[in-house]
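For reference, the structure is listed below as C-alpha cells.
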Amino acid sequence: MRGWLAMAYLFEHQGKEWLRRQGIRVPDGRLAATPAEAEQAAVDLGGRVVVKAQAWVTSRAAYGGIKFAQSPAEARVAAESMLGAHLKGFHVSAVLVERALDLEGQFYMGIVLNDRERRPNLLFAAGGGSGIEDRMAAGADRIWSQSISPERGLTVFEARDLLRRAGVRGDLQKKLTDMALMLYRAAVRHECRSLEINPVGIDRDGNAWALDCRMAVDDHAVFRHPELGVEVAREFGRMPTRLETVAYKVEAKDHRGTFFFMQLEETRPGEGYVGFHGGGGGGSMMSMDALLRHGFKLANYCDTSGNPSAAKVYRAAKIILSQPHLVGYFCSGSGVASQEQVHTARGLIKAFREVNLAIPAVIRIGGNMEQEAIRLIQEQCRDLPGPVEAYGRDTSVDECARRLQQLIQARGGGVTGAV
Amino acid sequence: MLYEFQTLTGKIRINHDLCRSCDTRPCIAACGPGILALKEGLPTLAVTVERAAKGGCTECLACELDCAAMGQGAVTVLLPIPGLEVARP
C-alpha cells in the first residue's frame, strides 16, 4: 500500500499521538527502551498488554515484533526478545507497550494518495490485521476504495457509502464513518502520502480503536511540519546514520544543486570499499556498475548534481571521506555533464588537501570546462600521499574503474573479486 | 591581521600579514564574481559585506586554491559541516 514517491515515515507511537489529537481512540501506551521500562509500563497499564517493536516494517507479528503479555514479567521477556534485534532488517531500539483490548472484530482503514488519480483515496477492508497485504494479493481479502475530491474533502456520505458497500451497517457504520473523517483530517493536516490504521479494532462496546498506525509524510512537505520531529526526510527504510543526518542538514541549508548521501553498508577493513561520489543519477548508476564489475564494494551512494557549488561538493567529499576503511575514492557521473566541472574540481581539491588524502582517487569529470577541471586536479593534488588522477569524457567509466584498481594494487591494497 | 567576511554558508578569512609579501595577488584574478579588489595593496571586498554574504561570493574556492598554489597561502574558505566531528565513526 506504499506510494512510490519519497516519504518520511513516523513510528507507530508517533503516528498514534497525532491520531489521538484528532479524536481517534488509541489504547493507553508507554514507550520503552529497556526490558525494565517495558515491565514497569505493563504494571502501570494493568498487567495485560501488547508489546510492539517500533520499526518501519509490515507484518511485524509474523516476525516476532508483536507479542501479547498476560503479566509485567511476560512483557519484560517480550521486550527482551525485540530490543536490539533486527526486524526485517530494521534495528529495534524501542517497544510500545499498550493496554490489551478485548476485540470483537477488526478492519483496515487508510487514506492513501493515488498517484494515477492525483487525489487521495479512502481505503477499507473487512479483514484487517497483520499480513493484510499478502491476503489482498492472494485475493482473500477485498479492499474497498473511495476517491476523494481534494477541493471538497471526504464527505460523510462518501464515507458511509464506502462502508455500506463493504457490508458495514448500523451503529458500527456511524462510528467507522466518524473515524474515517478524523483520519482524513489528520492526513490532510500533516500532508501525508499515506495514513493507515491496521487494524481498526472493535471492542465489546462497539467502539473503534486505532491499534496500529502507519504514517508517511510527503518528503517535500516535511519542512512545513516541525511538530512531527522528522530530522531526515529521506526514505531509507531504516533510521538514518549519523553521517546521513549530517549530510541531510548540508542539503537542507544550501539550495545550490542537489546533494544526496546514503551509506550502503557498514565498511570493514580489507574488503575493498570505495567511497563513491556521483554526479547525476543515470551516470552514477553506470559508474557504480563499473566499480562492482571490478570487484569493489560501495561504501555509499552520493550524488552532487544540478550545478552544485564548489562548497557543496567539498562538503560531500568530506562526508564521504569520513567513512572508515575506504581503499579508494571514485568520482564519476554522466559522461558529459552540463554543470561547470571546475566547481566540482575545486570542491574535491579542497577536501582532499584538508584530509591529506592517503588513498588513491580517480575522478571522471566530463562536461563543461573539463580540461580546466582536469588540469586543476592534476596540478593541485600531485603532492598528496594518495595518487589522484582525473579523466574527461573520452575515457570510459570502465577504464577509470580499472585505473583505480591498478592504483590500489600498486600500493599493496587488495580488491575482492577483481576481474 | 585577519580580514574576514561572511559568505552564503561560511566565511572567508584572509591573512593580510601574509598578503604584504605577495607579488602576484592570484586571489584577485581568480575571483570569478569580482568581489575582491586591492585596497591599499591588500585584497578586500569590492562589494558590501551584506552582498557578499547573500551570494555575491559564490564560494567557488578559487581564491583559496590559487593563493595556496601561486600566492602565500593567505586565504582560507571556512565551510563548517555541523556535526561531522561527532558523527565520524
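Ligands are numbered from 1 in the order shown, chains are lettered A, B, ... in the order of the C-alpha cells, and residues start at 1 in each chain.
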
Could you write out as a short mmCIF file (atom, residue, chain, number, x, y, z; two decimals) with N, CA and C atoms, in the first residue's frame the residues of chain B within 6 Å of chain A, counting only C-alpha atoms?
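Heads up, here's the output in selection_37.cif:
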data_model
loop_
_atom_site.label_atom_id
_atom_site.label_comp_id
_atom_site.auth_asym_id
_atom_site.auth_seq_id
_atom_site.Cartn_x
_atom_site.Cartn_y
_atom_site.Cartn_z
N GLU B 59 31.33 31.12 -3.33
CA GLU B 59 32.05 30.03 -2.65
C GLU B 59 32.66 29.07 -3.66
N CYS B 60 33.28 29.64 -4.70
CA CYS B 60 33.88 28.80 -5.74
C CYS B 60 35.22 28.24 -5.30
N GLY B 83 28.25 18.92 13.06
CA GLY B 83 28.03 17.54 13.48
C GLY B 83 29.00 16.54 12.91
N ALA B 87 30.01 12.75 14.30
CA ALA B 87 29.39 11.67 13.50
C ALA B 87 30.42 10.72 12.94
N ARG B 88 31.65 11.17 12.85
CA ARG B 88 32.69 10.34 12.25
C ARG B 88 32.90 9.09 13.11
#

Mind checking which residues fall within 12 Å of Arg20 of chain B, counting only C-alpha atoms, ignoring those fewer than 4 positions away in the same chain, and posting them as a PyMOL selection string? chain B and resi 1+14-16+24-25+38-43+71-74

Emit the selected residues as a short mmCIF file (atom, residue, chain, number, x, y, z; two decimals), in the first residue's frame, including C-alpha atoms.
data_model
loop_
_atom_site.label_atom_id
_atom_site.label_comp_id
_atom_site.auth_asym_id
_atom_site.auth_seq_id
_atom_site.Cartn_x
_atom_site.Cartn_y
_atom_site.Cartn_z
CA MET B 1 45.90 40.91 10.63
CA ILE B 14 42.46 36.44 4.57
CA ASN B 15 45.71 36.82 6.44
CA HIS B 16 46.78 40.29 5.36
CA THR B 24 51.18 38.06 -7.67
CA ARG B 25 47.78 38.56 -5.96
CA LEU B 38 43.09 45.58 -3.96
CA LYS B 39 42.77 48.33 -1.41
CA GLU B 40 46.00 49.82 -0.17
CA GLY B 41 47.70 46.81 -1.70
CA LEU B 42 45.62 44.23 0.14
CA PRO B 43 42.72 42.05 -1.09
CA GLY B 71 50.44 33.08 -3.62
CA GLN B 72 51.25 32.95 0.05
CA GLY B 73 48.56 30.60 1.35
CA ALA B 74 46.82 33.53 2.96
#

Minimum-distance residue to His255 of chain A, chosen among B:Pro82, B:Thr9, B:Tyr3, B:Cys63 (using only C-alpha atoms): B:Thr9

Skip segment 8-13 of chain A itself and residues of its chain fewer than 3 positions away, then list as an mmCIF file with N, CA, C and O atoms, in the first residue's frame all residues within 7 Å of it, counting only C-alpha atoms.
data_model
loop_
_atom_site.group_PDB
_atom_site.id
_atom_site.type_symbol
_atom_site.label_atom_id
_atom_site.label_comp_id
_atom_site.auth_asym_id
_atom_site.auth_seq_id
_atom_site.Cartn_x
_atom_site.Cartn_y
_atom_site.Cartn_z
ATOM 1 N N LYS A 16 0.324 7.476 16.244
ATOM 2 C CA LYS A 16 -0.851 7.342 17.111
ATOM 3 C C LYS A 16 -1.110 8.597 17.924
ATOM 4 O O LYS A 16 -2.266 8.926 18.235
ATOM 5 N N GLU A 17 -0.055 9.285 18.293
ATOM 6 C CA GLU A 17 -0.250 10.511 19.050
ATOM 7 C C GLU A 17 -1.023 11.538 18.219
ATOM 8 O O GLU A 17 -1.907 12.236 18.728
ATOM 9 N N GLN A 54 9.000 -1.097 17.601
ATOM 10 C CA GLN A 54 8.828 0.103 16.794
ATOM 11 C C GLN A 54 9.785 0.028 15.599
ATOM 12 O O GLN A 54 11.000 0.260 15.722
ATOM 13 N N ALA A 55 9.229 -0.300 14.464
ATOM 14 C CA ALA A 55 10.033 -0.498 13.248
ATOM 15 C C ALA A 55 9.168 -0.182 12.039
ATOM 16 O O ALA A 55 7.969 -0.465 12.048
ATOM 17 N N TRP A 56 9.796 0.393 11.013
ATOM 18 C CA TRP A 56 9.052 0.786 9.812
ATOM 19 C C TRP A 56 8.898 -0.405 8.872
ATOM 20 O O TRP A 56 9.328 -0.348 7.704
ATOM 21 N N LEU A 96 6.666 -0.344 22.012
ATOM 22 C CA LEU A 96 5.472 0.311 22.535
ATOM 23 C C LEU A 96 4.714 -0.724 23.353
ATOM 24 O O LEU A 96 4.400 -1.814 22.852
ATOM 25 N N ASP A 212 -2.973 0.235 15.404
ATOM 26 C CA ASP A 212 -1.665 0.445 14.792
ATOM 27 C C ASP A 212 -1.773 1.719 13.971
ATOM 28 O O ASP A 212 -2.895 2.218 13.724
ATOM 29 N N CYS A 213 -0.666 2.263 13.550
ATOM 30 C CA CYS A 213 -0.690 3.450 12.699
ATOM 31 C C CYS A 213 0.562 3.469 11.843
ATOM 32 O O CYS A 213 1.674 3.357 12.357
ATOM 33 N N ARG A 214 0.364 3.583 10.545
ATOM 34 C CA ARG A 214 1.493 3.805 9.629
ATOM 35 C C ARG A 214 1.284 5.166 8.978
ATOM 36 O O ARG A 214 0.344 5.368 8.222
ATOM 37 N N MET A 215 2.173 6.070 9.295
ATOM 38 C CA MET A 215 2.036 7.457 8.845
ATOM 39 C C MET A 215 3.257 7.810 8.013
ATOM 40 O O MET A 215 4.390 7.725 8.489
ATOM 41 N N ALA A 216 3.023 8.187 6.771
ATOM 42 C CA ALA A 216 4.113 8.556 5.864
ATOM 43 C C ALA A 216 3.827 9.951 5.314
ATOM 44 O O ALA A 216 2.811 10.170 4.667
ATOM 45 N N VAL A 217 4.732 10.864 5.588
ATOM 46 C CA VAL A 217 4.554 12.260 5.197
ATOM 47 C C VAL A 217 5.363 12.528 3.927
ATOM 48 O O VAL A 217 6.483 12.022 3.784
ATOM 49 N N ASP A 218 4.795 13.302 3.035
ATOM 50 C CA ASP A 218 5.499 13.685 1.812
ATOM 51 C C ASP A 218 6.821 14.364 2.183
ATOM 52 O O ASP A 218 6.840 15.347 2.922
ATOM 53 N N ASP A 219 7.928 13.831 1.668
ATOM 54 C CA ASP A 219 9.248 14.410 1.965
ATOM 55 C C ASP A 219 9.273 15.918 1.769
ATOM 56 O O ASP A 219 9.869 16.656 2.550
ATOM 57 N N ALA A 233 14.292 13.794 6.147
ATOM 58 C CA ALA A 233 13.160 13.423 5.298
ATOM 59 C C ALA A 233 13.658 12.660 4.072
ATOM 60 O O ALA A 233 13.619 13.132 2.939
ATOM 61 N N ARG A 234 14.166 11.495 4.310
ATOM 62 C CA ARG A 234 14.634 10.626 3.236
ATOM 63 C C ARG A 234 14.088 9.231 3.491
ATOM 64 O O ARG A 234 14.064 8.774 4.631
ATOM 65 N N GLU A 235 13.721 8.538 2.431
ATOM 66 C CA GLU A 235 13.172 7.199 2.601
ATOM 67 C C GLU A 235 14.280 6.159 2.533
ATOM 68 O O GLU A 235 14.572 5.608 1.477
#

List the neighbours of Leu36 of chain B out to 10 Å using only C-alpha atoms; skip same-chain residues closer than 4 positions along the sequence, and give me the result as a list in words. Cys27, Ile28, Ala29, Ala30, Cys31, Gly32, Leu42, Pro43, Thr44, Leu45, Ala46, Val47, Ala52, Cys57 and Cys63 of chain B

Would you export the selected residues with C-alpha atoms as a PDB file, in the first residue's frame, please?
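selection05.pdb, freshly written:
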ATOM      1  CA  CYS B  27      43.129  35.745  -5.416  1.00  0.00           C
ATOM      2  CA  ILE B  28      42.047  38.881  -7.276  1.00  0.00           C
ATOM      3  CA  ALA B  29      42.424  37.255 -10.681  1.00  0.00           C
ATOM      4  CA  ALA B  30      40.757  34.037  -9.527  1.00  0.00           C
ATOM      5  CA  CYS B  31      37.638  35.685  -8.138  1.00  0.00           C
ATOM      6  CA  GLY B  32      35.035  34.971 -10.804  1.00  0.00           C
ATOM      7  CA  LEU B  42      45.617  44.228   0.136  1.00  0.00           C
ATOM      8  CA  PRO B  43      42.716  42.051  -1.088  1.00  0.00           C
ATOM      9  CA  THR B  44      39.437  43.323   0.334  1.00  0.00           C
ATOM     10  CA  LEU B  45      35.783  43.239  -0.575  1.00  0.00           C
ATOM     11  CA  ALA B  46      34.770  45.350  -3.553  1.00  0.00           C
ATOM     12  CA  VAL B  47      31.125  44.902  -2.598  1.00  0.00           C
ATOM     13  CA  ALA B  52      28.995  39.003  -0.185  1.00  0.00           C
ATOM     14  CA  CYS B  57      30.580  35.338  -3.086  1.00  0.00           C
ATOM     15  CA  CYS B  63      40.729  32.352  -4.131  1.00  0.00           C
TER      16      CYS B  63
END

Coordinates-based distance that separates atom CA of Pro35 of chain A from atom CA of Ala79 of chain A (Å, one decimal): 5.2 Å

Nearest-residue call for Gly10 of chain B, choices B:Val77, B:Thr58, B:Cys22, B:Arg51, using only C-alpha atoms: B:Val77

Compile the contact shell of Gly84 of chain A as a list in words: residues with an atom at most 8 Å away, counting only C-alpha atoms, same-chain residues fewer than 3 positions apart removed. His91, Val92 and Ser93 of chain A

Apply DSSP to the backbone of this structure and, from segment 64-249 of chain A, keep only the residues in strand (DSSP E or B); write these as an NGL selection string. :A and (66-69 or 86-87 or 90-91 or 95-99 or 103-114 or 119-125 or 143-147 or 192-203 or 208-210 or 214-218)

According to DSSP computed on the backbone, where in segment 184-234 of chain A is there helix (DSSP H, G or I)? Give the residues as a count of residues only. 15

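In this structure, atom CA of Cys67 of chain B sits 21.3 Å away from atom CA of Gly55 of chain B.
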
As JSON, numbers by chain, please: the residues near segment 326-335 of chain A (cut-off 8 Å, only C-alpha atoms, same-chain neighbours under 5 positions excluded). {"A": [267, 269, 272, 273, 274, 275, 276, 277, 278, 279, 280, 281, 282, 283, 284, 286, 287, 299, 321, 359, 360, 361, 362, 363, 364, 365, 366, 367, 392, 393, 397, 401, 404, 408, 413]}

Suppose you want the space between atom CA of Pro226 of chain A and atom CA of Arg189 of chain A; what is it in Å? 12.7 Å
